[in-house]
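**Q** My structure is in work-v3.cif, and what it holds is mmCIF, C-alpha atoms:
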data_my_file
#
loop_
_atom_site.group_PDB
_atom_site.id
_atom_site.type_symbol
_atom_site.label_atom_id
_atom_site.label_comp_id
_atom_site.auth_asym_id
_atom_site.auth_seq_id
_atom_site.Cartn_x
_atom_site.Cartn_y
_atom_site.Cartn_z
ATOM 1 C CA MET R 21 122.745 181.107 118.483
ATOM 2 C CA GLY R 22 121.187 182.158 115.166
ATOM 3 C CA ARG R 23 121.051 180.237 111.964
ATOM 4 C CA GLN R 24 123.561 181.096 109.305
ATOM 5 C CA SER R 25 122.087 182.529 106.160
ATOM 6 C CA GLN R 26 122.169 180.357 103.048
ATOM 7 C CA GLY R 27 124.707 182.650 101.381
ATOM 8 C CA THR R 28 127.411 182.150 104.045
ATOM 9 C CA ARG R 29 127.442 178.357 104.077
ATOM 10 C CA LYS R 30 130.157 176.599 102.164
ATOM 11 C CA GLN R 31 128.867 174.914 99.016
ATOM 12 C CA TYR R 32 130.512 171.946 97.308
ATOM 13 C CA GLU R 33 130.509 171.713 93.540
ATOM 14 C CA CYS R 34 129.271 168.617 91.660
ATOM 15 C CA ILE R 35 128.806 167.886 87.977
ATOM 16 C CA CYS R 36 125.756 165.998 86.735
ATOM 17 C CA GLN R 37 126.678 162.763 84.938
ATOM 18 C CA THR R 38 123.699 163.053 82.598
ATOM 19 C CA CYS R 39 123.619 166.682 81.453
ATOM 20 C CA GLY R 40 127.035 167.958 82.608
ATOM 21 C CA GLU R 41 125.485 170.851 84.533
ATOM 22 C CA ARG R 42 127.284 172.170 87.596
ATOM 23 C CA PHE R 43 125.316 172.125 90.840
ATOM 24 C CA PHE R 44 126.164 172.696 94.480
ATOM 25 C CA VAL R 45 125.475 170.685 97.611
ATOM 26 C CA PRO R 46 125.885 171.795 101.248
ATOM 27 C CA ASP R 47 127.929 168.844 102.447
ATOM 28 C CA PRO R 48 131.116 167.050 101.282
ATOM 29 C CA GLY R 49 129.461 163.653 101.826
ATOM 30 C CA GLN R 50 126.791 164.583 99.302
ATOM 31 C CA GLN R 51 129.503 165.816 96.966
ATOM 32 C CA ARG R 52 130.962 162.305 96.855
ATOM 33 C CA SER R 53 127.612 160.569 96.442
ATOM 34 C CA ARG R 54 125.466 162.882 94.273
ATOM 35 C CA ARG R 55 125.747 162.104 90.583
ATOM 36 C CA TYR R 56 122.685 163.858 89.147
ATOM 37 C CA CYS R 57 121.459 167.440 89.436
ATOM 38 C CA SER R 58 117.771 166.489 89.422
ATOM 39 C CA ILE R 59 115.333 163.610 89.476
ATOM 40 C CA ALA R 60 114.773 164.171 85.751
ATOM 41 C CA CYS R 61 118.463 163.553 84.995
ATOM 42 C CA TYR R 62 118.479 160.467 87.201
ATOM 43 C CA ALA R 63 115.397 159.104 85.416
ATOM 44 C CA ALA R 64 116.933 159.859 82.013
ATOM 45 C CA SER R 65 120.091 157.951 82.917
ATOM 46 C CA ARG R 66 118.051 154.960 84.130
ATOM 47 C CA TRP R 67 116.018 155.009 80.920
ATOM 48 C CA ARG R 68 119.196 155.108 78.829
ATOM 49 C CA SER R 69 120.687 152.145 80.653
ATOM 50 C CA GLN R 70 117.501 150.138 80.109
ATOM 51 C CA GLU R 71 117.489 151.153 76.452
ATOM 52 C CA ASN R 72 121.124 150.072 76.115
ATOM 53 C CA LEU R 73 120.298 146.645 77.521
ATOM 54 C CA ARG R 74 117.448 146.319 75.024
ATOM 55 C CA ASN R 75 119.710 147.378 72.161
ATOM 56 C CA GLN R 76 122.372 144.851 73.165
ATOM 57 C CA LYS R 77 119.777 142.078 73.273
ATOM 58 C CA ILE R 78 118.463 143.078 69.832
ATOM 59 C CA TYR R 79 122.016 142.987 68.462
ATOM 60 C CA GLU R 80 122.636 139.563 70.007
ATOM 61 C CA LEU R 81 119.425 138.171 68.508
ATOM 62 C CA ARG R 82 120.317 139.550 65.072
ATOM 63 C CA SER R 83 123.849 138.134 65.349
ATOM 64 C CA ALA R 84 122.322 134.766 66.253
ATOM 65 C CA GLY R 85 120.476 134.790 62.925
ATOM 66 C CA GLN R 86 116.972 135.994 63.781
ATOM 67 C CA THR R 87 115.297 138.024 61.045
ATOM 68 C CA LEU R 88 114.662 141.743 61.308
ATOM 69 C CA GLY R 89 110.925 141.087 61.166
ATOM 70 C CA ASP R 90 110.953 138.591 64.043
ATOM 71 C CA ILE R 91 112.955 140.915 66.273
ATOM 72 C CA ALA R 92 110.779 143.900 65.310
ATOM 73 C CA LYS R 93 107.623 142.022 66.322
ATOM 74 C CA GLN R 94 109.170 140.874 69.588
ATOM 75 C CA TYR R 95 110.201 144.405 70.645
ATOM 76 C CA GLY R 96 107.397 146.386 69.021
ATOM 77 C CA VAL R 97 109.618 148.450 66.720
ATOM 78 C CA SER R 98 110.002 148.639 62.943
ATOM 79 C CA LYS R 99 112.407 146.479 60.949
ATOM 80 C CA GLU R 100 114.272 149.646 59.978
ATOM 81 C CA ARG R 101 114.746 150.558 63.648
ATOM 82 C CA VAL R 102 116.120 147.082 64.374
ATOM 83 C CA ARG R 103 118.602 147.540 61.516
ATOM 84 C CA GLN R 104 119.639 150.958 62.883
ATOM 85 C CA ILE R 105 120.101 149.566 66.395
ATOM 86 C CA CYS R 106 122.249 146.710 65.060
ATOM 87 C CA ASN R 107 124.432 149.152 63.127
ATOM 88 C CA GLN R 108 124.819 151.396 66.204
ATOM 89 C CA GLU R 109 125.782 148.443 68.396
ATOM 90 C CA ALA R 110 128.297 147.207 65.817
ATOM 91 C CA ARG R 111 129.936 150.669 65.714
ATOM 92 C CA ARG R 112 129.954 150.826 69.533
ATOM 93 C CA LEU R 113 131.641 147.418 69.752
ATOM 94 C CA GLU R 114 134.220 148.481 67.153
ATOM 95 C CA ARG R 115 135.021 151.615 69.158
ATOM 96 C CA GLN R 116 135.377 149.599 72.359
ATOM 97 C CA SER R 117 137.678 147.064 70.713
ATOM 98 C CA SER R 118 139.834 149.812 69.170
ATOM 99 C CA VAL R 119 140.196 151.467 72.594
ATOM 100 C CA VAL R 120 141.248 148.151 74.134
ATOM 101 C CA ASP R 121 143.775 147.606 71.311
ATOM 102 C CA THR R 122 145.390 151.007 71.923
ATOM 103 C CA LEU R 123 145.877 150.406 75.658
ATOM 104 C CA VAL R 124 149.418 149.515 76.614
ATOM 105 C CA PRO R 125 149.588 146.262 78.555
ATOM 106 C CA LEU R 126 151.156 146.386 82.005
ATOM 107 C CA ALA R 127 154.292 144.293 82.084
#
Is it possible to express this structure as structure tokens?

**A**
Amino acid sequence: MGRQSQGTRKQYECICQTCGERFFVPDPGQQRSRRYCSIACYAASRWRSQENLRNQKIYELRSAGQTLGDIAKQYGVSKERVRQICNQEARRLERQSSVVDTLVPLA
């Protein structure tokens, strides 16, 4: 009983959640569980989620009345960057609330 060559095995298509690249796995179980095409994409997604948490915390502190300078010192970024992050978070929250408003309630 010989081994099948790599070209004859069935491959299952996946799409990376980070970069959108198509990649193939040899098993349907992996197809359901694999979300990233590489370790680099996985690491990038983890970094983004940590950055998002930081940005949300910065926005909350600014909304609570802390000054740009205080927040900048606390997180080691410039006051301008804190202002940019706050503006980005405000736009993100607006988009989320507009999406929720357009959803039709189930009745």

**Q** So what do you get for CA of Tyr56 in chain R versus CA of Gln31 in chain R, distance-wise?

**A**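 Computing the Euclidean distance for CA of Tyr56 in chain R and CA of Gln31 in chain R yields 16.1 Å.
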
**Q** Using all atoms listed in the file, find the one residue out of R:Glu33, R:Asp90, R:Glu109, R:Glu100 that sits nearest to Arg74 in chain R.

**A**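 When distances to Arg74 in chain R are compared using all atoms listed in the file, the smallest one comes from R:Glu109.
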
**Q** Name the residues that the PyMOL selection byres ((chain R and resi 42) around 12) pulls out of this structure, and write them as a PyMOL selection string.

**A** chain R and resi 31-41+43-45+51+54-58

**Q** As an exercise, work out the distance from CA of Tyr79 in chain R to CA of Ile105 in chain R in Å and give it to one decimal place.

**A** 7.2 Å

**Q** So the first atom is CA of Gly89 in chain R and the second is CA of Leu73 in chain R; what is the distance between them in Å, to one decimal place?

**A**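 CA of Leu73 in chain R lies 19.7 Å from CA of Gly89 in chain R.
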
**Q** Evaluate the PyMOL selection byres ((chain R and resi 91) around 12) against this structure - the residues, as an MDAnalysis selection string, please.

**A** chainID R and resid 74:75 77:90 92:103 105:106

**Q** Around range 27-36 of chain R, with edges along x, y and z and 5 Å added on all six sides, what centre and edge lengths do you get, in Å to one decimal, as lines of an AutoDock Vina configuration file?

**A**
center_x = 127.6
center_y = 174.3
center_z = 95.4
size_x = 15.8
size_y = 26.7
size_z = 27.3

**Q** What would range 72-91 of chain R look like with N, CA and C atoms restored, written as an mmCIF file, in the frame of the given file?

**A**
data_model
loop_
_atom_site.group_PDB
_atom_site.id
_atom_site.type_symbol
_atom_site.label_atom_id
_atom_site.label_comp_id
_atom_site.auth_asym_id
_atom_site.auth_seq_id
_atom_site.Cartn_x
_atom_site.Cartn_y
_atom_site.Cartn_z
ATOM 1 N N ASN R 72 119.883 150.706 76.555
ATOM 2 C CA ASN R 72 121.124 150.072 76.115
ATOM 3 C C ASN R 72 121.049 148.557 76.259
ATOM 4 N N LEU R 73 120.458 148.090 77.345
ATOM 5 C CA LEU R 73 120.298 146.645 77.521
ATOM 6 C C LEU R 73 119.417 146.066 76.427
ATOM 7 N N ARG R 74 118.334 146.764 76.101
ATOM 8 C CA ARG R 74 117.448 146.319 75.024
ATOM 9 C C ARG R 74 118.196 146.277 73.695
ATOM 10 N N ASN R 75 118.967 147.321 73.415
ATOM 11 C CA ASN R 75 119.710 147.378 72.161
ATOM 12 C C ASN R 75 120.734 146.252 72.064
ATOM 13 N N GLN R 76 121.406 145.950 73.168
ATOM 14 C CA GLN R 76 122.372 144.851 73.165
ATOM 15 C C GLN R 76 121.687 143.525 72.896
ATOM 16 N N LYS R 77 120.524 143.320 73.483
ATOM 17 C CA LYS R 77 119.777 142.078 73.273
ATOM 18 C C LYS R 77 119.322 141.966 71.824
ATOM 19 N N ILE R 78 118.858 143.074 71.245
ATOM 20 C CA ILE R 78 118.463 143.078 69.832
ATOM 21 C C ILE R 78 119.648 142.709 68.953
ATOM 22 N N TYR R 79 120.809 143.279 69.250
ATOM 23 C CA TYR R 79 122.016 142.987 68.462
ATOM 24 C C TYR R 79 122.398 141.507 68.592
ATOM 25 N N GLU R 80 122.308 140.978 69.798
ATOM 26 C CA GLU R 80 122.636 139.563 70.007
ATOM 27 C C GLU R 80 121.683 138.656 69.229
ATOM 28 N N LEU R 81 120.394 138.981 69.247
ATOM 29 C CA LEU R 81 119.425 138.171 68.508
ATOM 30 C C LEU R 81 119.705 138.220 67.010
ATOM 31 N N ARG R 82 120.022 139.406 66.511
ATOM 32 C CA ARG R 82 120.317 139.550 65.072
ATOM 33 C C ARG R 82 121.595 138.793 64.721
ATOM 34 N N SER R 83 122.589 138.856 65.581
ATOM 35 C CA SER R 83 123.849 138.134 65.349
ATOM 36 C C SER R 83 123.629 136.631 65.388
ATOM 37 N N ALA R 84 122.627 136.193 66.156
ATOM 38 C CA ALA R 84 122.322 134.766 66.253
ATOM 39 C C ALA R 84 121.529 134.277 65.039
ATOM 40 N N GLY R 85 121.130 135.200 64.156
ATOM 41 C CA GLY R 85 120.476 134.790 62.925
ATOM 42 C C GLY R 85 118.990 135.057 62.847
ATOM 43 N N GLN R 86 118.402 135.678 63.869
ATOM 44 C CA GLN R 86 116.972 135.994 63.781
ATOM 45 C C GLN R 86 116.748 137.076 62.735
ATOM 46 N N THR R 87 115.595 137.044 62.092
ATOM 47 C CA THR R 87 115.297 138.024 61.045
ATOM 48 C C THR R 87 114.906 139.358 61.663
ATOM 49 N N LEU R 88 115.049 140.407 60.857
ATOM 50 C CA LEU R 88 114.662 141.743 61.308
ATOM 51 C C LEU R 88 113.185 141.769 61.699
ATOM 52 N N GLY R 89 112.362 141.110 60.904
ATOM 53 C CA GLY R 89 110.925 141.087 61.166
ATOM 54 C C GLY R 89 110.574 140.425 62.483
ATOM 55 N N ASP R 90 111.222 139.286 62.781
ATOM 56 C CA ASP R 90 110.953 138.591 64.043
ATOM 57 C C ASP R 90 111.328 139.443 65.248
ATOM 58 N N ILE R 91 112.489 140.071 65.163
ATOM 59 C CA ILE R 91 112.955 140.915 66.273
ATOM 60 C C ILE R 91 112.047 142.134 66.413
#
